[in-house]
Number of protein chains: 2
Amino acid sequence: MPSEPTTARGRATRERIVLAAAGLVAERGVAGMSLDDVCAQAPASKSQLYHYFDGRDDLQQAVAETTCGTVMDVQADVLGGFDTLDGAERYLDALVALQEQRGARGGCPIGSLAGQLAEHHEGSRLALADGFDRWETGFRVGLQAMADRGDLRAGTEVATVATQVLAAVQGGLLLTQVRRDARQVRIAMDGALAQITAARRHAGRS
Amino acid sequence: MPSEPTTARGRATRERIVLAAAGLVAERGVAGMSLDDVCAQAPASKSQLYHYFDGRDDLQQAVAETTCGTVMDVQADVLGGFDTLDGAERYLDALVALQEQRGARGGCPIGSLAGQLAEHHEGSRLALADGFDRWETGFRVGLQAMADRGDLRAGTEVATVATQVLAAVQGGLLLTQVRRDARQVRIAMDGALAQITAARRHAGRS
DNA sequence: CATCGAGTGGACGAGATCGTCCAATCGGCC
DNA sequence: GGCCGATTGGACGATCTCGTCCACTCGATG
């Protein structure tokens, strides 16, 4: 049972540990993160790590949670604009630009963690599922706004399309990562967007 | 430099090792596969493993290659039928049935390996990219047959749609895995299929 | 100032893992 | 049978990793 920090100093230490762990996971993968490395990088000592976490698994779950939070924070603005067709295209452009900037490496942080953790740690799986839920909710509220405005085909099931868009993003990012080609995610999501636009749609891809 | 086996016995040993490694990776993930475990399971000895492989990384790449081969073999039949609208729906049904049968666990073997290996082993990344290429080619030739028959919207770019279908499958399988819900992959791929059918399309989902 | 719990530092042992090494065995071939 | 390279068995040391342990410091509070 990990003890929650009660003082500001304790909270800072716990956060240093999680951030160091998240950085190492992003850089080397879950398997490449050793607790000794985390302690060296934080910096912190073993006793601090085991003071705030049950052990490796518990720390990995905390990493999953903060990673989901970071991903959602980074895209909060552009995801908030996903409520018009233009906003949807801006979202896609931002996604592609980010992948190009990273050299098409790394894929989606949440998706990558999913491949490494979902099958082996129930707690981490639930944390990642929660991240996906929040992401999909962002799409859904934006799509609902478009539907209310009449920008979508009549009869569009907004919740279903939101799931399809998220799947297209994740699949596209995976292909981008494996093929080292940032255009893959654009192709994947162009499909999802083309599907939702009404007959009077303007602009295919930029 | 690993030496290729020259005798039938050597080839059998090498194959035993790869299959044992692939099984352990599927069961416990890449990080959970120890070389000692592989030797115990094969069965084989350390010297045999290092006789046929450079080391851990080389073995992982061999696992990636055989995993791609296995996945393509398993779906060869139903993927070969992906050249009519009905065949596409049968493909989707088979995919969903397989996920339900597995309890929505494991996701796509290739996609899971991608998340664990693509970023850290160039050779494995290339092996997985080759697997995706073969998979996408299967979709593309089927879609081209449909286009030639006039089953697709006029002006459909077959290669692009093939990429979108593969992305939808991968994204859908990832959501299925994380959410432990086999319907996710059906939703994801319904979107990709709905997009390609001509106006006189029949049947949405089953 | 004395007390006390939260927080800290880092040594330590148990065990796992990797990769190396060498001697033994197998099986085709002269 | 004798030879020889391919193949095999498994011990071994070096290294890494995890998690435990205990003594220590910090800082709020009475």
# chains A, B, ... in the order shown; residues from 1 in each chain; ligands from 1

call {"tool": "calpha_fit_and_write", "arguments": {"fixed": "chain B", "moving": "chain A", "output": "CSV table (one decimal) with C-alpha atoms, in the first residue's frame"}}
result
chain,number,residue,atom,x,y,z
A,1,MET,CA,26.9,-13.5,-37.3
A,2,PRO,CA,24.5,-16.4,-36.7
A,3,SER,CA,25.3,-19.5,-38.7
A,4,GLU,CA,22.5,-20.9,-40.8
A,5,PRO,CA,21.7,-24.6,-40.1
A,6,THR,CA,22.9,-26.9,-42.8
A,7,THR,CA,21.3,-30.1,-41.6
A,8,ALA,CA,17.7,-31.1,-41.1
A,9,ARG,CA,18.4,-31.5,-37.4
A,10,GLY,CA,19.9,-28.1,-37.2
A,11,ARG,CA,16.9,-26.5,-39.0
A,12,ALA,CA,14.5,-28.3,-36.7
A,13,THR,CA,16.4,-27.0,-33.6
A,14,ARG,CA,16.4,-23.4,-34.9
A,15,GLU,CA,12.7,-23.6,-35.6
A,16,ARG,CA,12.0,-25.1,-32.1
A,17,ILE,CA,13.8,-22.1,-30.6
A,18,VAL,CA,11.9,-19.5,-32.7
A,19,LEU,CA,8.6,-21.1,-32.0
A,20,ALA,CA,9.3,-21.3,-28.2
A,21,ALA,CA,10.4,-17.7,-28.2
A,22,ALA,CA,7.3,-16.6,-30.2
A,23,GLY,CA,5.1,-18.4,-27.7
A,24,LEU,CA,6.7,-16.8,-24.7
A,25,VAL,CA,6.6,-13.4,-26.3
A,26,ALA,CA,2.9,-13.8,-27.1
A,27,GLU,CA,2.2,-15.0,-23.5
A,28,ARG,CA,4.4,-12.6,-21.5
A,29,GLY,CA,5.5,-9.9,-23.8
A,30,VAL,CA,8.9,-9.2,-25.2
A,31,ALA,CA,10.3,-8.1,-21.8
A,32,GLY,CA,9.0,-11.3,-20.2
A,33,MET,CA,10.9,-13.6,-22.6
A,34,SER,CA,14.2,-14.7,-21.0
A,35,LEU,CA,16.7,-16.7,-23.0
A,36,ASP,CA,16.8,-19.3,-20.3
A,37,ASP,CA,13.1,-19.7,-20.5
A,38,VAL,CA,13.3,-20.1,-24.3
A,39,CYS,CA,15.9,-22.8,-23.9
A,40,ALA,CA,13.9,-24.6,-21.3
A,41,GLN,CA,10.8,-24.5,-23.4
A,42,ALA,CA,12.3,-25.3,-26.8
A,43,PRO,CA,13.9,-27.5,-25.5
A,44,ALA,CA,17.5,-26.5,-26.4
A,45,SER,CA,20.7,-25.4,-24.8
A,46,LYS,CA,22.3,-22.0,-24.6
A,47,SER,CA,25.0,-23.0,-27.0
A,48,GLN,CA,22.3,-23.9,-29.6
A,49,LEU,CA,20.6,-20.6,-29.2
A,50,TYR,CA,23.9,-18.7,-29.7
A,51,HIS,CA,24.8,-21.0,-32.5
A,52,TYR,CA,21.8,-19.9,-34.6
A,53,PHE,CA,21.3,-16.3,-33.3
A,54,ASP,CA,23.5,-13.4,-32.5
A,55,GLY,CA,21.7,-12.9,-29.3
A,56,ARG,CA,18.5,-11.5,-27.8
A,57,ASP,CA,17.9,-8.9,-30.5
A,58,ASP,CA,18.5,-11.2,-33.3
A,59,LEU,CA,16.1,-13.7,-31.8
A,60,GLN,CA,13.5,-11.0,-31.4
A,61,GLN,CA,13.7,-10.1,-35.0
A,62,ALA,CA,13.2,-13.8,-35.9
A,63,VAL,CA,10.2,-13.8,-33.7
A,64,ALA,CA,8.8,-10.7,-35.5
A,65,GLU,CA,9.3,-12.4,-38.8
A,66,THR,CA,7.6,-15.6,-37.9
A,67,THR,CA,4.8,-13.8,-36.2
A,68,CYS,CA,4.1,-11.9,-39.3
A,69,GLY,CA,4.2,-15.1,-41.3
A,70,THR,CA,1.8,-16.8,-38.9
A,71,VAL,CA,-0.7,-13.9,-38.9
A,72,MET,CA,-0.7,-13.8,-42.7
A,73,ASP,CA,-1.1,-17.6,-42.9
A,74,VAL,CA,-4.0,-17.7,-40.5
A,75,GLN,CA,-6.0,-15.1,-42.4
A,76,ALA,CA,-4.8,-16.2,-45.9
A,77,ASP,CA,-8.2,-17.7,-46.8
A,78,VAL,CA,-10.5,-15.1,-45.6
A,79,LEU,CA,-8.2,-12.3,-46.8
A,80,GLY,CA,-8.2,-13.9,-50.2
A,81,GLY,CA,-12.0,-13.5,-50.3
A,82,PHE,CA,-11.7,-9.8,-49.6
A,83,ASP,CA,-12.6,-9.0,-53.2
A,84,THR,CA,-16.4,-8.6,-53.0
A,85,LEU,CA,-18.6,-6.7,-50.5
A,86,ASP,CA,-19.8,-10.0,-49.1
A,87,GLY,CA,-16.2,-11.2,-48.8
A,88,ALA,CA,-15.2,-8.0,-47.0
A,89,GLU,CA,-18.0,-8.6,-44.5
A,90,ARG,CA,-17.0,-12.2,-44.0
A,91,TYR,CA,-13.5,-10.9,-43.3
A,92,LEU,CA,-14.8,-8.6,-40.7
A,93,ASP,CA,-17.0,-11.2,-39.1
A,94,ALA,CA,-14.0,-13.6,-38.9
A,95,LEU,CA,-11.9,-10.9,-37.3
A,96,VAL,CA,-14.6,-10.1,-34.7
A,97,ALA,CA,-15.2,-13.8,-34.0
A,98,LEU,CA,-11.5,-14.4,-33.4
A,99,GLN,CA,-11.4,-11.5,-30.9
A,100,GLU,CA,-14.5,-12.8,-29.1
A,101,GLN,CA,-13.0,-16.2,-29.0
A,102,ARG,CA,-9.9,-14.8,-27.4
A,103,GLY,CA,-11.8,-12.8,-24.9
A,104,ALA,CA,-10.7,-9.6,-26.6
A,105,ARG,CA,-7.2,-10.2,-25.3
A,106,GLY,CA,-3.9,-9.9,-27.1
A,107,GLY,CA,-4.8,-7.5,-29.8
A,108,CYS,CA,-3.1,-7.9,-33.1
A,109,PRO,CA,0.2,-9.9,-32.7
A,110,ILE,CA,1.9,-7.7,-35.2
A,111,GLY,CA,0.6,-4.5,-33.7
A,112,SER,CA,1.6,-5.6,-30.2
A,113,LEU,CA,5.1,-6.4,-31.3
A,114,ALA,CA,5.2,-3.0,-33.1
A,115,GLY,CA,4.6,-1.2,-29.8
A,116,GLN,CA,7.3,-3.2,-28.1
A,117,LEU,CA,10.0,-3.4,-30.7
A,118,ALA,CA,9.6,-0.9,-33.5
A,119,GLU,CA,11.2,2.0,-31.6
A,120,HIS,CA,14.2,0.1,-30.3
A,121,HIS,CA,15.3,-2.5,-33.0
A,122,GLU,CA,15.6,-1.4,-36.6
A,123,GLY,CA,15.6,-4.9,-37.9
A,124,SER,CA,12.4,-5.8,-36.1
A,125,ARG,CA,10.8,-2.6,-37.2
A,126,LEU,CA,11.6,-3.5,-40.9
A,127,ALA,CA,10.2,-7.0,-40.4
A,128,LEU,CA,7.0,-5.7,-39.0
A,129,ALA,CA,6.7,-3.1,-41.7
A,130,ASP,CA,7.0,-5.9,-44.2
A,131,GLY,CA,4.2,-7.8,-42.5
A,132,PHE,CA,2.0,-4.7,-42.7
A,133,ASP,CA,2.9,-4.3,-46.4
A,134,ARG,CA,1.8,-7.8,-47.2
A,135,TRP,CA,-1.4,-7.3,-45.2
A,136,GLU,CA,-2.2,-4.1,-47.0
A,137,THR,CA,-1.4,-5.7,-50.3
A,138,GLY,CA,-4.1,-8.2,-49.6
A,139,PHE,CA,-6.6,-5.5,-49.1
A,140,ARG,CA,-5.5,-3.6,-52.1
A,141,VAL,CA,-5.8,-6.5,-54.6
A,142,GLY,CA,-9.2,-7.3,-53.2
A,143,LEU,CA,-10.3,-3.7,-53.5
A,144,GLN,CA,-9.0,-3.4,-57.0
A,145,ALA,CA,-11.1,-6.4,-58.0
A,146,MET,CA,-14.1,-4.6,-56.5
A,147,ALA,CA,-13.2,-1.4,-58.4
A,148,ASP,CA,-12.8,-3.3,-61.6
A,149,ARG,CA,-16.3,-4.7,-61.1
A,150,GLY,CA,-17.7,-1.3,-60.3
A,151,ASP,CA,-18.6,-2.1,-56.7
A,152,LEU,CA,-16.8,1.0,-55.4
A,153,ARG,CA,-17.5,4.7,-55.6
A,154,ALA,CA,-16.2,6.1,-58.9
A,155,GLY,CA,-12.8,7.6,-58.4
A,156,THR,CA,-11.9,5.6,-55.4
A,157,GLU,CA,-8.1,5.5,-54.8
A,158,VAL,CA,-7.7,1.8,-54.1
A,159,ALA,CA,-4.2,2.1,-52.5
A,160,THR,CA,-5.3,4.8,-50.2
A,161,VAL,CA,-8.4,2.9,-49.1
A,162,ALA,CA,-6.3,-0.2,-48.4
A,163,THR,CA,-4.1,1.8,-46.1
A,164,GLN,CA,-7.2,3.2,-44.4
A,165,VAL,CA,-8.7,-0.2,-43.9
A,166,LEU,CA,-5.4,-1.5,-42.4
A,167,ALA,CA,-5.3,1.5,-40.1
A,168,ALA,CA,-8.9,0.9,-39.0
A,169,VAL,CA,-8.2,-2.8,-38.3
A,170,GLN,CA,-5.1,-1.9,-36.2
A,171,GLY,CA,-6.8,0.9,-34.3
A,172,GLY,CA,-9.9,-1.2,-33.8
A,173,LEU,CA,-7.8,-4.1,-32.4
A,174,LEU,CA,-6.0,-1.8,-30.1
A,175,LEU,CA,-9.3,-0.4,-28.7
A,176,THR,CA,-10.6,-3.9,-28.5
A,177,GLN,CA,-7.6,-4.9,-26.5
A,178,VAL,CA,-7.5,-2.0,-24.1
A,179,ARG,CA,-11.3,-1.9,-23.6
A,180,ARG,CA,-11.7,-5.7,-23.5
A,181,ASP,CA,-14.6,-5.3,-25.9
A,182,ALA,CA,-14.6,-7.2,-29.2
A,183,ARG,CA,-17.1,-4.8,-30.7
A,184,GLN,CA,-14.6,-2.0,-31.0
A,185,VAL,CA,-12.9,-3.6,-34.0
A,186,ARG,CA,-16.3,-4.1,-35.7
A,187,ILE,CA,-17.2,-0.4,-35.2
A,188,ALA,CA,-13.8,0.7,-36.5
A,189,MET,CA,-13.9,-1.4,-39.6
A,190,ASP,CA,-17.6,-0.7,-40.3
A,191,GLY,CA,-16.5,2.9,-40.8
A,192,ALA,CA,-13.9,1.9,-43.3
A,193,LEU,CA,-16.2,-0.4,-45.2
A,194,ALA,CA,-19.2,2.0,-45.3
A,195,GLN,CA,-16.9,4.5,-46.9
A,196,ILE,CA,-16.0,2.4,-49.8
A,197,THR,CA,-19.3,0.9,-50.8
A,198,ALA,CA,-21.2,2.5,-53.7
A,199,ALA,CA,-24.6,4.1,-53.4
A,200,ARG,CA,-26.4,0.9,-54.2
A,201,ARG,CA,-24.8,-0.7,-51.2
A,202,HIS,CA,-26.6,-3.6,-49.5
A,203,ALA,CA,-26.5,-4.5,-45.8
A,204,GLY,CA,-24.9,-2.2,-43.2
A,205,ARG,CA,-23.8,-4.5,-40.4
A,206,SER,CA,-25.0,-8.0,-39.8

call {"tool": "interface_residues", "arguments": {"of": "chain C", "to": "chain B", "cutoff": "12 Å", "atoms": "only C-alpha atoms (C1' of nucleotides)", "output": "count of residues only"}}
result
10

call {"tool": "interface_residues", "arguments": {"of": "chain D", "to": "chain B", "cutoff": "10 Å", "atoms": "only C-alpha atoms (C1' of nucleotides)", "output": "list of chain:residue names"}}
result
D:DA6, D:DT7, D:DT8, D:DG9, D:DG10

call {"tool": "write_last_selection", "arguments": {"atoms": "N, CA, C and O atoms (P, O5', C5', C4', C3', O3' and C1' of nucleotides)", "output": "compact mmCIF listing (two decimals), in the first residue's frame"}}
result
# COMPACT_ATOMS: atom_id res chain seq x y z
P DA D 6 30.90 -26.57 -40.27
O5' DA D 6 29.60 -27.25 -39.66
C5' DA D 6 28.88 -28.19 -40.45
C4' DA D 6 27.85 -28.89 -39.58
C3' DA D 6 26.99 -27.93 -38.77
O3' DA D 6 25.63 -28.35 -38.83
C1' DA D 6 28.06 -29.48 -37.32
P DT D 7 24.48 -27.50 -38.15
O5' DT D 7 24.37 -28.16 -36.70
C5' DT D 7 24.11 -29.54 -36.59
C4' DT D 7 24.28 -30.00 -35.16
C3' DT D 7 23.48 -29.20 -34.11
O3' DT D 7 22.47 -30.05 -33.60
C1' DT D 7 25.65 -29.78 -33.34
P DT D 8 21.40 -29.54 -32.57
O5' DT D 8 22.06 -29.87 -31.16
C5' DT D 8 22.41 -31.20 -30.87
C4' DT D 8 23.18 -31.28 -29.55
C3' DT D 8 22.51 -30.58 -28.37
O3' DT D 8 22.09 -31.56 -27.44
C1' DT D 8 24.87 -30.21 -28.42
P DG D 9 21.06 -31.23 -26.30
O5' DG D 9 21.98 -31.08 -25.02
C5' DG D 9 22.88 -32.11 -24.71
C4' DG D 9 23.72 -31.75 -23.50
C3' DG D 9 22.95 -30.95 -22.45
O3' DG D 9 23.05 -31.64 -21.20
C1' DG D 9 25.01 -29.85 -23.03
P DG D 10 22.17 -31.20 -19.96
O5' DG D 10 23.13 -30.18 -19.22
C5' DG D 10 24.49 -30.54 -19.00
C4' DG D 10 25.28 -29.32 -18.60
C3' DG D 10 24.54 -28.38 -17.65
O3' DG D 10 25.46 -27.92 -16.69
C1' DG D 10 25.41 -27.17 -19.40

call {"tool": "atom_distance", "arguments": {"atom1": "atom C1' of DG7 of chain C", "atom2": "atom C1' of DC22 of chain D"}}
result
14.2 Å

call {"tool": "residues_around", "arguments": {"residues": "DC4 of chain C", "least_positions_apart": "2", "cutoff": "10 Å", "atoms": "only C-alpha atoms (C1' of nucleotides)", "output": "MDAnalysis selection string"}}
result
(chainID C and resid 2 6) or (chainID D and resid 28:29)

call {"tool": "write_last_selection", "arguments": {"atoms": "N, CA and C atoms (P, O5', C5', C4', C3', O3' and C1' of nucleotides)", "output": "short mmCIF file (atom, residue, chain, number, x, y, z; two decimals), in the first residue's frame"}}
result
data_model
loop_
_atom_site.label_atom_id
_atom_site.label_comp_id
_atom_site.auth_asym_id
_atom_site.auth_seq_id
_atom_site.Cartn_x
_atom_site.Cartn_y
_atom_site.Cartn_z
P DA C 2 16.72 19.96 24.73
"O5'" DA C 2 15.39 19.10 24.54
"C5'" DA C 2 14.35 19.25 25.50
"C4'" DA C 2 13.14 18.44 25.06
"C3'" DA C 2 13.47 17.06 24.50
"O3'" DA C 2 12.52 16.14 25.01
"C1'" DA C 2 12.31 18.33 22.85
P DA C 6 3.58 9.80 9.47
"O5'" DA C 6 4.26 10.68 8.34
"C5'" DA C 6 3.94 12.06 8.27
"C4'" DA C 6 5.00 12.77 7.48
"C3'" DA C 6 5.31 12.11 6.14
"O3'" DA C 6 5.40 13.10 5.13
"C1'" DA C 6 7.31 12.31 7.43
P DA D 28 7.91 23.77 8.51
"O5'" DA D 28 6.50 23.46 9.22
"C5'" DA D 28 5.82 22.26 8.90
"C4'" DA D 28 5.23 21.64 10.15
"C3'" DA D 28 4.52 22.63 11.08
"O3'" DA D 28 3.29 22.08 11.53
"C1'" DA D 28 6.15 21.43 12.30
P DT D 29 2.21 23.02 12.22
"O5'" DT D 29 1.71 22.14 13.45
"C5'" DT D 29 2.40 20.93 13.78
"C4'" DT D 29 2.66 20.84 15.27
"C3'" DT D 29 2.02 21.93 16.13
"O3'" DT D 29 1.27 21.32 17.17
"C1'" DT D 29 4.29 21.62 16.73
#

call {"tool": "atom_distance", "arguments": {"atom1": "atom C1' of DG5 of chain C", "atom2": "atom C1' of DT20 of chain D"}}
result
20.7 Å

call {"tool": "residues_around", "arguments": {"residues": "DG15 of chain C", "least_positions_apart": "5", "cutoff": "12 Å", "atoms": "only C-alpha atoms (C1' of nucleotides)", "output": "PyMOL selection string"}}
result
chain D and resi 16-19

call {"tool": "atom_distance", "arguments": {"atom1": "atom C1' of DT15 of chain D", "atom2": "atom C1' of DA24 of chain C"}}
result
28.9 Å

call {"tool": "decode", "arguments": {"residues": "segment 36-107 of chain B", "atoms": "C-alpha atoms", "output": "compact mmCIF listing (two decimals), in the first residue's frame"}}
result
# COMPACT_ATOMS: atom_id res chain seq x y z
CA ASP B 36 16.81 -19.31 -20.27
CA ASP B 37 13.06 -19.79 -20.51
CA VAL B 38 13.30 -20.14 -24.27
CA CYS B 39 15.96 -22.82 -23.88
CA ALA B 40 13.89 -24.68 -21.32
CA GLN B 41 10.80 -24.57 -23.48
CA ALA B 42 12.32 -25.37 -26.87
CA PRO B 43 14.01 -27.51 -25.54
CA ALA B 44 17.53 -26.49 -26.44
CA SER B 45 20.73 -25.38 -24.79
CA LYS B 46 22.33 -21.97 -24.58
CA SER B 47 25.02 -22.93 -27.04
CA GLN B 48 22.40 -23.86 -29.58
CA LEU B 49 20.64 -20.54 -29.18
CA TYR B 50 23.86 -18.61 -29.61
CA HIS B 51 24.86 -20.90 -32.45
CA TYR B 52 21.88 -19.88 -34.56
CA PHE B 53 21.29 -16.32 -33.30
CA ASP B 54 23.49 -13.37 -32.51
CA GLY B 55 21.70 -12.84 -29.24
CA ARG B 56 18.52 -11.53 -27.82
CA ASP B 57 17.90 -8.85 -30.45
CA ASP B 58 18.48 -11.21 -33.32
CA LEU B 59 16.08 -13.73 -31.82
CA GLN B 60 13.45 -11.05 -31.35
CA GLN B 61 13.72 -10.16 -34.99
CA ALA B 62 13.23 -13.80 -35.94
CA VAL B 63 10.17 -13.84 -33.70
CA ALA B 64 8.82 -10.76 -35.47
CA GLU B 65 9.31 -12.42 -38.84
CA THR B 66 7.60 -15.68 -37.92
CA THR B 67 4.80 -13.83 -36.16
CA CYS B 68 4.11 -11.89 -39.36
CA GLY B 69 4.15 -15.13 -41.29
CA THR B 70 1.78 -16.82 -38.87
CA VAL B 71 -0.69 -13.93 -38.91
CA MET B 72 -0.72 -13.86 -42.70
CA ASP B 73 -1.11 -17.62 -42.91
CA VAL B 74 -4.01 -17.68 -40.46
CA GLN B 75 -5.99 -15.12 -42.43
CA ALA B 76 -4.86 -16.18 -45.90
CA ASP B 77 -8.18 -17.76 -46.81
CA VAL B 78 -10.52 -15.07 -45.57
CA LEU B 79 -8.22 -12.30 -46.79
CA GLY B 80 -8.22 -13.92 -50.21
CA GLY B 81 -12.00 -13.53 -50.24
CA PHE B 82 -11.75 -9.79 -49.62
CA ASP B 83 -12.65 -9.04 -53.23
CA THR B 84 -16.42 -8.63 -52.97
CA LEU B 85 -18.57 -6.68 -50.55
CA ASP B 86 -19.81 -9.93 -49.08
CA GLY B 87 -16.25 -11.20 -48.78
CA ALA B 88 -15.25 -8.02 -46.97
CA GLU B 89 -18.06 -8.56 -44.51
CA ARG B 90 -17.02 -12.16 -44.02
CA TYR B 91 -13.50 -10.93 -43.31
CA LEU B 92 -14.82 -8.54 -40.71
CA ASP B 93 -17.01 -11.21 -39.15
CA ALA B 94 -14.06 -13.58 -38.90
CA LEU B 95 -11.95 -10.88 -37.27
CA VAL B 96 -14.61 -10.11 -34.69
CA ALA B 97 -15.26 -13.79 -34.04
CA LEU B 98 -11.56 -14.38 -33.42
CA GLN B 99 -11.43 -11.50 -30.95
CA GLU B 100 -14.51 -12.74 -29.12
CA GLN B 101 -13.05 -16.21 -28.97
CA ARG B 102 -9.90 -14.79 -27.37
CA GLY B 103 -11.87 -12.77 -24.87
CA ALA B 104 -10.77 -9.57 -26.59
CA ARG B 105 -7.26 -10.18 -25.31
CA GLY B 106 -3.94 -9.93 -27.06
CA GLY B 107 -4.87 -7.47 -29.78
